[in-house]
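Structure data (mmCIF, C-alpha atoms) from input.cif:
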```
data_target
#
loop_
_atom_site.label_atom_id
_atom_site.label_comp_id
_atom_site.auth_asym_id
_atom_site.auth_seq_id
_atom_site.Cartn_x
_atom_site.Cartn_y
_atom_site.Cartn_z
CA MET A 404 71.46 190.01 -7.47
CA ASP A 405 70.78 186.46 -6.37
CA ASP A 406 71.81 186.95 -2.79
CA PRO A 407 70.36 183.88 -1.07
CA GLU A 408 70.22 185.68 2.26
CA ALA A 409 67.84 188.35 1.03
CA PRO A 410 64.27 187.11 0.69
CA SER A 411 62.81 188.41 -2.53
CA GLU A 412 59.46 188.18 -4.18
CA ARG A 413 60.84 185.40 -6.30
CA ASP A 414 61.51 183.26 -3.23
CA LEU A 415 57.86 183.38 -2.32
CA LEU A 416 56.67 181.85 -5.56
CA VAL A 417 58.18 178.84 -7.30
CA ARG A 418 57.21 176.86 -10.36
CA TRP A 419 57.68 173.14 -9.89
CA ARG A 420 56.29 170.21 -11.85
CA GLY A 421 54.15 172.49 -13.94
CA ARG A 422 52.46 174.18 -10.99
CA ASN A 423 52.87 177.44 -9.15
CA TRP A 424 53.59 177.21 -5.44
CA THR A 425 53.47 179.87 -2.75
CA LYS A 426 55.69 179.81 0.29
CA ALA A 427 53.66 179.19 3.44
CA ALA A 428 56.46 178.93 6.00
CA ASP A 429 60.17 178.64 6.36
CA ARG A 430 62.67 178.09 9.09
CA GLN A 431 66.41 177.82 9.41
CA PHE A 432 67.79 174.44 10.33
CA ASP A 433 70.88 174.55 12.50
CA PRO A 434 72.15 171.05 13.26
CA ALA A 435 74.23 172.32 16.18
CA ALA A 436 71.33 174.09 17.89
CA SER A 437 68.08 172.43 16.93
CA GLY A 438 68.98 168.78 16.67
CA ASP A 439 67.53 166.62 13.96
CA LEU A 440 66.30 167.50 10.50
CA ALA A 441 63.11 165.43 10.68
CA SER A 442 61.64 167.39 13.58
CA ALA A 443 62.73 170.70 11.98
CA ILE A 444 60.90 169.79 8.76
CA VAL A 445 57.77 168.78 10.68
CA GLN A 446 57.94 172.05 12.63
CA ALA A 447 58.05 173.96 9.34
CA LEU A 448 55.03 171.97 8.11
CA ALA A 449 53.25 172.79 11.37
CA ASP A 450 54.08 176.49 10.94
CA ALA A 451 52.59 176.38 7.44
CA LYS A 452 49.37 174.90 8.79
CA ARG A 453 49.33 177.14 11.86
CA VAL A 454 49.23 174.13 14.17
CA SER A 455 51.65 172.55 16.65
CA ALA A 456 54.14 169.92 15.50
CA GLY A 457 52.22 167.27 17.42
CA GLU A 458 49.19 167.88 15.22
CA VAL A 459 51.10 167.02 12.05
CA THR A 460 50.49 163.27 12.07
CA GLU A 461 49.67 162.14 8.52
CA PRO A 462 51.45 161.22 6.42
CA ARG A 463 54.56 160.30 8.30
CA LEU A 464 57.64 162.03 7.00
CA TYR A 465 59.30 158.61 6.73
CA ASP A 466 56.78 157.66 4.04
CA CYS A 467 57.53 160.80 2.01
CA VAL A 468 61.30 161.14 1.94
CA ASP A 469 64.51 159.53 3.13
CA VAL A 470 65.36 162.15 5.74
CA GLU A 471 68.72 160.60 6.49
CA ALA A 472 69.71 160.97 2.84
CA VAL A 473 68.56 164.61 2.84
CA ALA A 474 70.50 165.31 6.04
CA GLN A 475 73.59 163.75 4.48
CA PHE A 476 73.09 165.85 1.34
CA VAL A 477 72.78 169.04 3.37
CA SER A 478 75.83 168.38 5.53
CA ASP A 479 77.96 167.22 2.57
CA SER A 480 77.04 170.15 0.34
CA ARG A 481 77.32 172.86 2.95
CA SER A 482 79.83 175.32 1.52
CA PRO A 483 80.14 178.95 2.57
CA ASN A 484 81.68 179.83 -0.79
CA SER A 485 78.87 178.45 -2.88
CA PRO A 486 77.07 181.43 -4.45
CA GLU A 487 73.73 179.65 -4.72
CA PRO A 488 72.55 176.93 -2.35
CA ASP A 489 71.46 173.64 -3.86
CA PHE A 490 68.21 172.07 -2.72
CA VAL A 491 66.03 168.97 -2.48
CA ARG A 492 62.26 169.15 -2.97
CA PHE A 493 59.68 166.53 -2.09
CA ASP A 494 55.92 166.22 -1.67
CA TYR A 495 54.34 166.06 1.75
CA GLY A 496 50.62 165.53 1.27
CA GLU A 497 49.43 168.55 -0.70
CA SER A 498 52.49 170.57 0.27
CA LEU A 499 55.89 170.92 -1.33
CA VAL A 500 58.91 170.90 0.97
CA GLU A 501 62.26 172.35 -0.01
CA VAL A 502 65.44 171.76 2.00
CA ARG A 503 68.41 173.86 0.96
CA THR A 504 72.06 173.10 1.56
CA ASP A 505 72.33 176.29 3.63
CA GLY A 506 69.82 174.80 6.06
CA ARG A 507 66.75 176.76 4.95
CA ILE A 508 63.57 174.66 5.07
CA SER A 509 60.60 176.03 3.13
CA VAL A 510 57.05 174.75 2.83
CA PHE A 511 55.05 175.67 -0.27
CA VAL A 512 51.37 175.20 -1.01
CA PRO A 513 49.70 175.24 -4.43
CA ALA A 514 49.38 178.89 -5.44
CA SER A 515 45.64 178.64 -6.08
CA ASP A 516 45.11 177.52 -2.48
CA ALA A 517 47.03 180.41 -1.02
CA VAL A 518 45.07 183.21 0.59
CA MET B 1313 57.92 138.44 2.54
CA GLY B 1314 59.52 135.30 3.85
CA ASP B 1315 62.92 136.03 2.40
CA ARG B 1316 65.03 136.18 5.51
CA PHE B 1317 68.09 137.04 3.48
CA ASP B 1318 66.62 140.25 2.21
CA SER B 1319 66.88 143.35 4.32
CA ASP B 1320 63.81 145.14 3.04
CA ARG B 1321 64.78 147.97 0.73
CA VAL B 1322 68.46 147.12 0.73
CA GLY B 1323 69.58 145.12 -2.28
CA SER B 1324 70.02 141.48 -1.40
CA ALA B 1325 72.46 140.77 -4.22
CA ASP B 1326 75.43 141.95 -2.18
CA CYS B 1327 74.35 139.86 0.75
CA SER B 1328 74.09 136.52 -0.99
CA SER B 1329 77.82 136.23 -1.52
CA THR B 1330 78.44 137.06 2.12
CA VAL B 1331 75.80 134.65 3.34
CA ALA B 1332 77.42 131.81 1.41
CA VAL B 1333 80.49 131.90 3.61
CA LEU B 1334 78.52 132.21 6.84
CA THR B 1335 76.68 129.52 8.71
CA PRO B 1336 73.39 128.48 7.10
CA GLN B 1337 71.17 130.00 9.80
CA THR B 1338 72.88 133.38 9.56
CA THR B 1339 70.70 136.03 7.94
CA CYS B 1340 71.88 139.05 6.02
CA PRO B 1341 72.97 141.47 8.76
CA ASP B 1342 72.12 144.69 6.90
CA PHE B 1343 68.93 145.26 8.89
CA VAL B 1344 70.95 145.24 12.12
CA PHE B 1345 73.27 147.98 10.92
CA ASP B 1346 70.39 149.90 9.35
CA ALA B 1347 68.52 149.78 12.63
CA LEU B 1348 71.45 150.91 14.72
CA THR B 1349 72.92 153.66 12.53
CA GLU B 1350 71.47 156.50 14.59
CA GLU B 1351 72.07 156.93 18.28
CA ARG B 1352 68.37 157.59 18.90
CA ARG B 1353 67.47 154.21 17.48
CA ARG B 1354 70.09 152.56 19.68
CA THR B 1355 68.59 154.28 22.71
CA ILE B 1356 65.07 153.17 21.68
CA CYS B 1357 66.26 149.55 21.46
CA ARG B 1358 67.94 149.82 24.86
CA VAL B 1359 64.81 151.24 26.49
CA LEU B 1360 62.49 148.64 24.94
CA ASP B 1361 64.90 145.90 25.98
CA GLU B 1362 64.70 147.05 29.59
CA GLU B 1363 61.11 148.24 29.79
CA GLY B 1364 59.22 146.20 27.20
CA ALA B 1365 56.40 147.82 25.20
CA ARG B 1366 56.30 151.56 25.76
CA ASP B 1367 53.97 154.47 25.14
CA LEU B 1368 55.49 156.70 22.45
CA GLY B 1369 55.32 159.78 24.68
CA ASP B 1370 57.12 157.97 27.50
CA LEU B 1371 59.66 156.59 25.06
CA ALA B 1372 60.33 160.11 23.77
CA MET B 1373 60.92 161.23 27.36
CA ASP B 1374 63.33 158.31 27.92
CA VAL B 1375 65.29 159.24 24.79
CA ALA B 1376 65.29 162.97 25.61
CA THR B 1377 66.47 162.20 29.14
CA ALA B 1378 69.30 160.04 27.80
CA GLU B 1379 70.39 162.91 25.57
CA HIS B 1380 70.26 165.52 28.33
CA THR B 1381 72.00 163.73 31.18
CA ALA B 1382 74.65 166.46 31.29
CA ASP B 1383 72.31 169.43 31.73
CA GLY B 1384 69.73 167.73 33.92
CA GLY B 1385 66.14 168.35 32.89
CA VAL B 1386 64.24 168.02 29.63
CA THR B 1387 62.22 171.01 28.50
CA ASN B 1388 58.81 170.54 26.93
CA HIS B 1389 60.25 171.85 23.68
CA GLU B 1390 63.03 169.26 23.72
CA TRP B 1391 60.58 166.46 24.46
CA GLU B 1392 58.31 167.56 21.62
CA ALA B 1393 61.23 167.61 19.15
CA VAL B 1394 62.26 164.09 20.18
CA TYR B 1395 58.64 162.88 20.03
CA THR B 1396 58.31 164.29 16.52
CA SER B 1397 61.55 162.63 15.43
CA LEU B 1398 60.45 159.29 16.88
CA TYR B 1399 56.93 159.47 15.41
CA HIS B 1400 57.92 160.62 11.92
CA GLN B 1401 61.30 158.98 11.45
CA GLN B 1402 62.92 156.65 13.97
CA VAL B 1403 59.99 154.42 14.92
CA PRO B 1404 58.73 153.99 11.30
CA LYS B 1405 62.29 153.16 10.30
CA LEU B 1406 62.61 150.48 12.98
CA ALA B 1407 59.10 149.22 12.18
CA SER B 1408 59.96 148.90 8.47
CA LEU B 1409 62.83 146.63 9.49
CA ASP B 1410 60.51 144.60 11.78
CA VAL B 1411 62.71 145.54 14.72
CA VAL B 1412 59.78 147.18 16.51
CA ALA B 1413 56.02 147.09 16.09
CA PHE B 1414 54.02 150.31 16.34
CA GLU B 1415 50.36 150.30 17.28
CA PRO B 1416 49.02 153.71 16.15
CA ASN B 1417 45.73 153.63 18.05
CA SER B 1418 47.35 153.20 21.44
CA ALA B 1419 50.62 154.89 20.31
CA THR B 1420 52.55 151.95 21.70
CA VAL B 1421 55.99 150.84 20.54
CA ALA B 1422 56.79 147.18 21.21
CA PRO B 1423 59.70 144.87 20.37
CA GLY B 1424 59.22 143.36 16.91
CA GLU B 1425 60.12 140.12 15.19
CA ARG B 1426 63.78 140.99 14.68
CA PHE B 1427 64.26 142.88 17.94
CA ALA B 1428 66.32 140.24 19.76
CA ALA B 1429 68.96 140.09 17.03
CA VAL B 1430 69.43 143.86 17.10
CA VAL B 1431 69.80 143.98 20.88
CA ALA B 1432 72.25 141.07 20.75
CA ALA B 1433 74.31 143.00 18.19
CA LEU B 1434 74.17 146.12 20.37
CA ASP B 1435 75.40 144.08 23.34
CA ALA B 1436 78.16 142.55 21.24
CA VAL B 1437 79.36 145.99 20.13
CA ASP B 1438 79.34 147.23 23.73
CA THR B 1439 81.34 144.20 24.81
CA ALA B 1440 83.80 144.61 21.95
CA LEU B 1441 84.37 148.23 22.86
CA ASP B 1442 84.78 147.36 26.52
CA GLY B 1443 81.69 149.22 27.66
CA ARG B 1444 82.75 152.59 26.35
CA LEU B 1445 79.51 152.91 24.38
CA ALA B 1446 77.48 151.50 27.22
CA SER B 1447 78.47 154.47 29.33
CA ARG B 1448 76.47 156.63 26.90
CA GLY B 1449 73.36 154.53 27.42
CA ILE B 1450 70.13 155.55 29.07
CA ASP B 1451 71.60 155.57 32.54
CA GLY B 1452 74.23 158.05 31.46
#
```

Write out the structure in this file as structure tokens.
Amino acid sequence: MDDPEAPSERDLLVRWRGRNWTKAADRQFDPAASGDLASAIVQALADAKRVSAGEVTEPRLYDCVDVEAVAQFVSDSRSPNSPEPDFVRFDYGESLVEVRTDGRISVFVPASDAV
Amino acid sequence: MGDRFDSDRVGSADCSSTVAVLTPQTTCPDFVFDALTEERRRTICRVLDEEGARDLGDLAMDVATAEHTADGGVTNHEWEAVYTSLYHQQVPKLASLDVVAFEPNSATVAPGERFAAVVAALDAVDTALDGRLASRGIDG
């Protein structure tokens, strides 16, 4: 029932640090095809804000998270047999970013702000 | 600040024992390896060494070109992805190590205080490996 491939209502809403968050965007990171994780995360943030990646300037991702550590975590934990992907979550400005070990990048915004 | 034996966020405790057996003017080399871990940062250092201070957009094009020597051109999408990676990750990383200096208003990346040491290390590695890495440099 927890098939990670099937988006469910539960995926769209998470509770984290005592707040409710709504998913605003997600994208699949494929290291072989789309290069580096940092630009994929920024692209997801841009999707969430409905702007281009070049317009996402502050804060810098470097000041929010150690992307190299996250990339290492994703590549080390990648296991096709794992029933449930693990994840890392970090703040980017007012948004919450989640990077899963299956390569899914999701951007959440505080639920009250969601339209 | 002022502690030349400390490589920023990397613990200096491990370094002090190493430094003791090196010559007095030798600094902890962690920042060199930190700076050069990723190929993109090596390419950035190579470009800045040859061109001097560089506009971030031009630098992104240099790096993208170096990565796409096999298939020829660089698409706008590829350039944008490299630009994003440089702006959000690689340049701040090098700046935090004082290897480059970034001027946000003019979007210019320039060699920083510790730039020369990093390029010297890059040259030394190339020499040690008999130019096999150099062949992957910005000239293809």

query = So which residues get picked by the PyMOL selection byres ((chain A) within 6 of (chain B)) here, written as a PyMOL selection string?
reply = chain A and resi 441-442+463-465

Output for the residues just chosen: C-alpha atoms as a PDB file, in the frame of the given file:
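Final file, part_34.pdb:
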```pdb
ATOM      1  CA  ALA A 441      63.110 165.430  10.680  1.00  0.00           C
ATOM      2  CA  SER A 442      61.640 167.390  13.580  1.00  0.00           C
ATOM      3  CA  ARG A 463      54.560 160.300   8.300  1.00  0.00           C
ATOM      4  CA  LEU A 464      57.640 162.030   7.000  1.00  0.00           C
ATOM      5  CA  TYR A 465      59.300 158.610   6.730  1.00  0.00           C
TER       6      TYR A 465
END
```

request  = Using all atoms listed in the file, find all polymer residues with an atom at most 12 Å away from the point (47.6, 166.9, -2.0); report them as number ranges by chain.
outcome  = A: 461-462, 494-499, 511-513, 516

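Nearest residue to Val468 of chain A, choosing from A:Asp450, A:Asp489, A:Asp439, A:Glu501 and counting all atoms listed in the file: A:Glu501.
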
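Note that atom CA of Ala514 of chain A and atom CA of Lys452 of chain A are 14.8 Å apart.
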
request  = Taking the file above as input, evaluate the PyMOL selection byres ((chain B and resi 1427) around 8) and report the hits as a PyMOL selection string.
outcome  = chain B and resi 1357+1410-1412+1423-1426+1428-1431

request  = Find, counting only C-alpha atoms, the residue in A:Arg492, A:Gln475, A:Ile508, A:Ser455 that gets nearest to Asp433 of chain A.
outcome  =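 So, comparing all the options, the nearest one is A:Ile508.
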
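Take the candidates B:Ala1419, B:Thr1381, B:Arg1352, B:Ala1365 and check each one against Gly438 of chain A using all atoms listed in the file; the shortest distance goes to B:Arg1352.
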
message = For a test of reading the model, state the distance in Å between atom CA of Ala1376 of chain B and atom CA of Leu1434 of chain B, rounded to one decimal.
response = 19.8 Å

key: Pick from A:Leu440, A:Ala435, A:Leu416, A:Ala451 nearest to Val510 of chain A, counting all atoms listed in the file   =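 Among A:Leu440, A:Ala435, A:Leu416, A:Ala451, it is A:Ala451 that comes nearest to Val510 of chain A.
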
task = Compile the contact shell of Val477 of chain A as number ranges by chain: residues with an atom at most 12 Å away, counting all atoms listed in the file, same-chain residues fewer than 5 positions apart removed.
result = A: 432-434, 440, 470-472, 482, 488-491, 501-508

inquiry  = Just the number, please: distance in Å from atom CA of Asp1374 of chain B to atom CA of Thr1439 of chain B, one decimal.
reply    = 23.1 Å

request  = Report the residues retrieved by the PyMOL selection byres ((chain A and resi 447) around 8) from the displayed file, expressed as a PyMOL selection string.
outcome  = chain A and resi 428-430+443-446+448-451+508-510

request  = Go through A:Asp479, A:Glu458, A:Glu487, A:Asp466 one by one, measure the shortest atom-to-atom distance of each to Ala1407 of chain B using only C-alpha atoms, and give the residue with the smallest value.
outcome  =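 Under the stated criterion, the closest residue is A:Asp466.
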
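The residue that comes closest to His1389 of chain B, out of A:Ala456, A:Thr425, A:Ser515, A:Val500 and on the basis of only C-alpha atoms, is A:Ala456.
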